[in-house]
Protein chains: 2
Amino acid sequence: MKGTLYGLGVGPGDPELMTLKAHRLLQQVPVIAYSAPEQGESPARAIAAPYIPADCTEILVRTTKDGTSPTSESASDDVVKEIAEILLKGHDIVLLCEGDPLFYNDSQPLLVGLAEHFSIQIVPGVSSLSACAAALGSPLAARDEQLLVIPAGLAARTLTIKLSETDAAAVIDLNGHFAKVRDCLAVTGLLPRSRYIEHATHDRQRVLSLDQVDSEQVPRCSMVLMRR
Amino acid sequence: MKGTLYGLGVGPGDPELMTLKAHRLLQQVPVIAYSAPEQGESPARAIAAPYIPADCTEILVRTTKDGTSPTSESASDDVVKEIAEILLKGHDIVLLCEGDPLFYNDSQPLLVGLAEHFSIQIVPGVSSLSACAAALGSPLAARDEQLLVIPAGLAARTLTIKLSETDAAAVIDLNGHFAKVRDCLAVTGLLPRSRYIEHATHDRQRVLSLDQVDSEQVPRCSMVLMRR
């Protein structure tokens, strides 16, 4: 019997926004894995830190330059092999995922790759989308409205057209694209209906109108929400 | 000092998918409120039931015919007055919300209405969107893809155009509209890329291809997820 890999959503930042189920599995499964950028700590591990048992085995998965984790396809990746070997021995592993495991998550390629060979169970978490709406204190959309989630890295022309056609939007992955997003929202007259949120549910959470934002100081954990 | 109204996300169905914070507040705040349809039990209360203290005061808010809760504007609504009076006396209230309080939630009108007069704190929860993705075991979208959340009640022409233009979609509020949604996905050739999910994370969760669904038997807790 192979082990199970749990894709565990740890929530958006406030450790208390982890689910009871994620908390229980973290106490039960003795091996945890988490991804981290090429340098620096793992955001998912930082969120879960208060609840990680002292005696568990930890596996750090460094993500590649484009920000995605290696897949199980890249056999050269020792850490993916290590995860596979533990599962083959019949042991379970918890993979900590920031926010929700399947909502624009860095760990998606790793989960999808391992799902080809192993049993995966997803434990959904509170997403960055819900966290930013909570920070704003305002509904993402009304019942009869459309909500578009759109990556900021798309071309300005595409962003402008798509934003002009939707009732509400969440512009994600702002890093390096904030000034462009602000321009697109200005062109479409939607700037007064938009808010910028960073580090939602963290202690350092901030909600700003877009003209208050320094486009050179936009952190990874940020989003623009727009609603007409 | 007026009391605080906590808009508390209780998650999508599995009681264990409530957050630690929601669980703590439920133990601390002695008054809970929740909405329910004109007839039948409250879905939010049913999810939170295992954790509701025996001695707390409960306030049931019956929703109006269009499925939305009354707002604080409708002074004739005794139950909204009751909530307001408790807050005016300085007592806190927890409003249980199925899924996430600000993601297409029946309690949104009540929260927005009371926010005009009282301090509101939102505790985000695991949304039905994350729950359905977890049931499917497949990412909602990749990093560079757009995800459209679209209500099934829109006109067939609008649905067809919007679905044909997006990378990924969640079609929500299927109740009474399933056959139309299936037709729109068939026209756009997206039927093989779509899955129907009902009661995600509940014991009775089901994931089906759309041709397996009886359009007369689509429950309120259901969604279609599409990804190219």
# chains A, B, ... in the order shown; residues from 1 in each chain; ligands from 1
$ closest_atom_pairs --of "chain B" --to "chain A" --cutoff "6 Å" --atoms "only C-alpha atoms" --output "CSV"
residue,atom,partner,partner_atom,distance
B:Glu16,CA,A:Lys21,CA,5.1
B:Leu17,CA,A:Thr19,CA,5.1
B:Met18,CA,A:Thr19,CA,5.3
B:Thr19,CA,A:Thr19,CA,3.9
B:Leu20,CA,A:Glu16,CA,5.2
B:Lys21,CA,A:Glu16,CA,5.1
B:Leu102,CA,A:Pro139,CA,4.4
B:Phe103,CA,A:Leu140,CA,5.9
B:Tyr104,CA,A:Arg143,CA,5.5
B:Ile122,CA,A:Ala134,CA,5.2
B:Pro124,CA,A:Ser130,CA,5.7
B:Gly125,CA,A:Val126,CA,5.4
B:Val126,CA,A:Val126,CA,4.5
B:Ser130,CA,A:Pro124,CA,5.8
B:Ala131,CA,A:Pro124,CA,5.9
B:Ala134,CA,A:Ile122,CA,5.2
B:Pro139,CA,A:Leu102,CA,4.4
B:Leu140,CA,A:Leu102,CA,5.9
B:Arg143,CA,A:Tyr104,CA,5.5
B:Asp144,CA,A:Pro151,CA,5.9
B:Gln146,CA,A:Ile150,CA,4.8
B:Leu147,CA,A:Val149,CA,5.1
B:Leu148,CA,A:Leu148,CA,4.6
B:Val149,CA,A:Leu147,CA,5.1
B:Ile150,CA,A:Gln146,CA,4.8
B:Pro151,CA,A:Asp144,CA,5.9
$ write_last_selection --atoms "N, CA and C atoms" --output "compact mmCIF listing (two decimals), in the first residue's frame"
# COMPACT_ATOMS: atom_id res chain seq x y z
N GLU B 16 -15.47 19.86 9.68
CA GLU B 16 -14.04 19.97 10.02
C GLU B 16 -13.33 21.00 9.14
N LEU B 17 -14.01 21.51 8.12
CA LEU B 17 -13.40 22.55 7.28
C LEU B 17 -13.71 23.95 7.80
N MET B 18 -14.25 24.04 9.00
CA MET B 18 -14.34 25.34 9.68
C MET B 18 -12.93 25.74 10.13
N THR B 19 -12.67 27.05 10.17
CA THR B 19 -11.34 27.48 10.62
C THR B 19 -11.24 27.46 12.15
N LEU B 20 -10.01 27.44 12.63
CA LEU B 20 -9.76 27.51 14.08
C LEU B 20 -10.35 28.79 14.66
N LYS B 21 -10.27 29.89 13.89
CA LYS B 21 -10.78 31.18 14.37
C LYS B 21 -12.30 31.16 14.49
N LEU B 102 -18.30 36.34 1.90
CA LEU B 102 -18.34 37.36 0.85
C LEU B 102 -18.25 36.78 -0.56
N PHE B 103 -18.31 35.44 -0.68
CA PHE B 103 -18.32 34.80 -1.99
C PHE B 103 -19.74 34.30 -2.29
N TYR B 104 -20.52 35.10 -2.98
CA TYR B 104 -21.88 34.76 -3.38
C TYR B 104 -22.67 34.17 -2.22
N ILE B 122 -15.25 40.35 9.29
CA ILE B 122 -15.45 39.16 8.48
C ILE B 122 -14.38 38.12 8.80
N PRO B 124 -13.06 35.01 7.08
CA PRO B 124 -13.23 34.29 5.82
C PRO B 124 -13.27 32.78 6.04
N GLY B 125 -13.96 32.08 5.15
CA GLY B 125 -14.08 30.63 5.26
C GLY B 125 -13.71 29.95 3.95
N VAL B 126 -13.63 28.64 3.98
CA VAL B 126 -13.37 27.87 2.75
C VAL B 126 -14.61 28.00 1.86
N SER B 130 -13.43 26.47 -3.72
CA SER B 130 -12.30 25.65 -3.30
C SER B 130 -12.75 24.22 -2.99
N ALA B 131 -13.95 24.08 -2.43
CA ALA B 131 -14.46 22.75 -2.09
C ALA B 131 -14.69 21.91 -3.34
N ALA B 134 -11.43 20.80 -4.82
CA ALA B 134 -10.88 19.70 -4.03
C ALA B 134 -11.58 18.38 -4.36
N PRO B 139 -6.59 21.51 -10.35
CA PRO B 139 -6.52 22.97 -10.18
C PRO B 139 -7.65 23.71 -10.91
N LEU B 140 -8.12 24.80 -10.31
CA LEU B 140 -9.14 25.63 -10.95
C LEU B 140 -8.59 26.25 -12.23
N ARG B 143 -1.37 29.26 -13.52
CA ARG B 143 -0.94 30.61 -13.10
C ARG B 143 -1.24 31.72 -14.09
N ASP B 144 -1.16 31.40 -15.40
CA ASP B 144 -1.34 32.45 -16.40
C ASP B 144 -2.74 32.40 -17.02
N GLN B 146 -7.09 32.73 -16.91
CA GLN B 146 -8.22 33.44 -16.31
C GLN B 146 -9.27 32.44 -15.82
N LEU B 147 -9.89 32.78 -14.71
CA LEU B 147 -10.97 31.97 -14.14
C LEU B 147 -12.21 32.84 -14.00
N LEU B 148 -13.29 32.46 -14.66
CA LEU B 148 -14.52 33.23 -14.60
C LEU B 148 -15.54 32.53 -13.71
N VAL B 149 -16.05 33.26 -12.73
CA VAL B 149 -17.16 32.74 -11.92
C VAL B 149 -18.43 33.37 -12.46
N ILE B 150 -19.35 32.54 -12.91
CA ILE B 150 -20.52 33.07 -13.63
C ILE B 150 -21.81 32.41 -13.15
N PRO B 151 -22.83 33.20 -12.81
CA PRO B 151 -24.10 32.64 -12.34
C PRO B 151 -24.88 32.01 -13.51
$ select_by_dssp --residues "segment 54-157 of chain B" --states "helix (DSSP H, G or I)" --output "count of residues only"
30
$ residues_around --residues "Cys221 of chain B" --least-positions-apart "3" --cutoff "9 Å" --atoms "only C-alpha atoms" --output "number ranges by chain"
B: 12, 128, 173-175, 197-200, 218
$ write_last_selection --atoms "N, CA, C and O atoms" --output "mmCIF file, in the first residue's frame"
data_model
loop_
_atom_site.group_PDB
_atom_site.id
_atom_site.type_symbol
_atom_site.label_atom_id
_atom_site.label_comp_id
_atom_site.auth_asym_id
_atom_site.auth_seq_id
_atom_site.Cartn_x
_atom_site.Cartn_y
_atom_site.Cartn_z
ATOM 1 N N PRO B 12 -17.648 24.875 3.538
ATOM 2 C CA PRO B 12 -18.571 24.409 2.492
ATOM 3 C C PRO B 12 -19.461 23.226 2.853
ATOM 4 O O PRO B 12 -20.380 22.917 2.098
ATOM 5 N N SER B 128 -17.215 27.475 -1.533
ATOM 6 C CA SER B 128 -17.706 26.356 -2.342
ATOM 7 C C SER B 128 -16.796 26.140 -3.556
ATOM 8 O O SER B 128 -16.634 25.021 -4.036
ATOM 9 N N ASP B 173 -24.845 28.567 -8.904
ATOM 10 C CA ASP B 173 -26.302 28.734 -8.807
ATOM 11 C C ASP B 173 -27.028 28.012 -9.939
ATOM 12 O O ASP B 173 -27.838 28.605 -10.658
ATOM 13 N N LEU B 174 -26.740 26.721 -10.077
ATOM 14 C CA LEU B 174 -27.274 25.934 -11.189
ATOM 15 C C LEU B 174 -28.778 25.699 -11.096
ATOM 16 O O LEU B 174 -29.445 25.478 -12.107
ATOM 17 N N ASN B 175 -29.279 25.717 -9.876
ATOM 18 C CA ASN B 175 -30.670 25.386 -9.579
ATOM 19 C C ASN B 175 -31.649 25.914 -10.640
ATOM 20 O O ASN B 175 -31.827 27.118 -10.793
ATOM 21 N N ILE B 197 -20.213 19.000 -9.938
ATOM 22 C CA ILE B 197 -19.933 18.592 -8.557
ATOM 23 C C ILE B 197 -21.126 18.988 -7.692
ATOM 24 O O ILE B 197 -21.601 20.121 -7.754
ATOM 25 N N GLU B 198 -21.618 18.049 -6.875
ATOM 26 C CA GLU B 198 -22.665 18.411 -5.912
ATOM 27 C C GLU B 198 -22.248 18.009 -4.513
ATOM 28 O O GLU B 198 -21.499 17.059 -4.317
ATOM 29 N N HIS B 199 -22.709 18.783 -3.524
ATOM 30 C CA HIS B 199 -22.435 18.528 -2.108
ATOM 31 C C HIS B 199 -20.946 18.310 -1.836
ATOM 32 O O HIS B 199 -20.566 17.360 -1.124
ATOM 33 N N ALA B 200 -20.103 19.161 -2.401
ATOM 34 C CA ALA B 200 -18.657 19.002 -2.224
ATOM 35 C C ALA B 200 -18.272 19.024 -0.756
ATOM 36 O O ALA B 200 -18.747 19.875 0.001
ATOM 37 N N VAL B 218 -30.956 18.601 -9.553
ATOM 38 C CA VAL B 218 -29.749 19.364 -9.237
ATOM 39 C C VAL B 218 -29.969 20.144 -7.940
ATOM 40 O O VAL B 218 -30.826 21.022 -7.888
#
$ atom_distance --atom1 "atom CA of Leu8 of chain B" --atom2 "atom CA of Asp167 of chain A"
25.1 Å
$ select_by_dssp --residues "segment 116-214 of chain A" --states "strand (DSSP E or B)" --output "list in words"
Ser119, Ile120, Gln121, Ile122, Val123, Leu147, Leu148, Val149, Ile150, Pro151, Ala168, Ala169, Ala170, Val171, Ile172, Ser194, Arg195, Tyr196, Ile197, Glu198, Arg206, Val207 and Leu208 of chain A
$ atom_distance --atom1 "atom CA of Val79 of chain A" --atom2 "atom CA of Glu58 of chain A"
11.2 Å
$ residues_around --residues "segment 40-57 of chain A" --least-positions-apart "2" --cutoff "7 Å" --atoms "only C-alpha atoms" --output "ChimeraX atom specification"
/A:10,13-15,26-27,30-32,34-38,59,96-98
$ write_last_selection --atoms "C-alpha atoms" --output "short mmCIF file (atom, residue, chain, number, x, y, z; two decimals), in the first residue's frame"
data_model
loop_
_atom_site.label_atom_id
_atom_site.label_comp_id
_atom_site.auth_asym_id
_atom_site.auth_seq_id
_atom_site.Cartn_x
_atom_site.Cartn_y
_atom_site.Cartn_z
CA VAL A 10 -3.05 26.34 5.46
CA GLY A 13 -1.78 34.25 6.45
CA ASP A 14 -3.38 34.38 9.89
CA PRO A 15 -2.47 30.96 11.36
CA LEU A 26 -0.68 18.21 10.81
CA GLN A 27 -0.66 16.52 14.22
CA PRO A 30 4.75 12.66 10.74
CA VAL A 31 6.20 13.96 7.44
CA ILE A 32 5.51 17.45 6.10
CA TYR A 34 6.44 22.63 1.65
CA SER A 35 7.67 24.75 -1.21
CA ALA A 36 9.77 27.89 -0.91
CA PRO A 37 11.24 30.34 -3.40
CA GLU A 38 14.87 29.87 -4.51
CA ILE A 59 11.05 18.31 3.41
CA LEU A 96 1.56 22.49 3.10
CA CYS A 97 0.03 24.92 0.59
CA GLU A 98 -0.45 28.65 1.21
#
$ residues_around --residues "Ser164 of chain A" --least-positions-apart "2" --cutoff "12 Å" --atoms "only C-alpha atoms" --output "PyMOL selection string"
chain A and resi 148+157-162+166-169+184-191+226-228
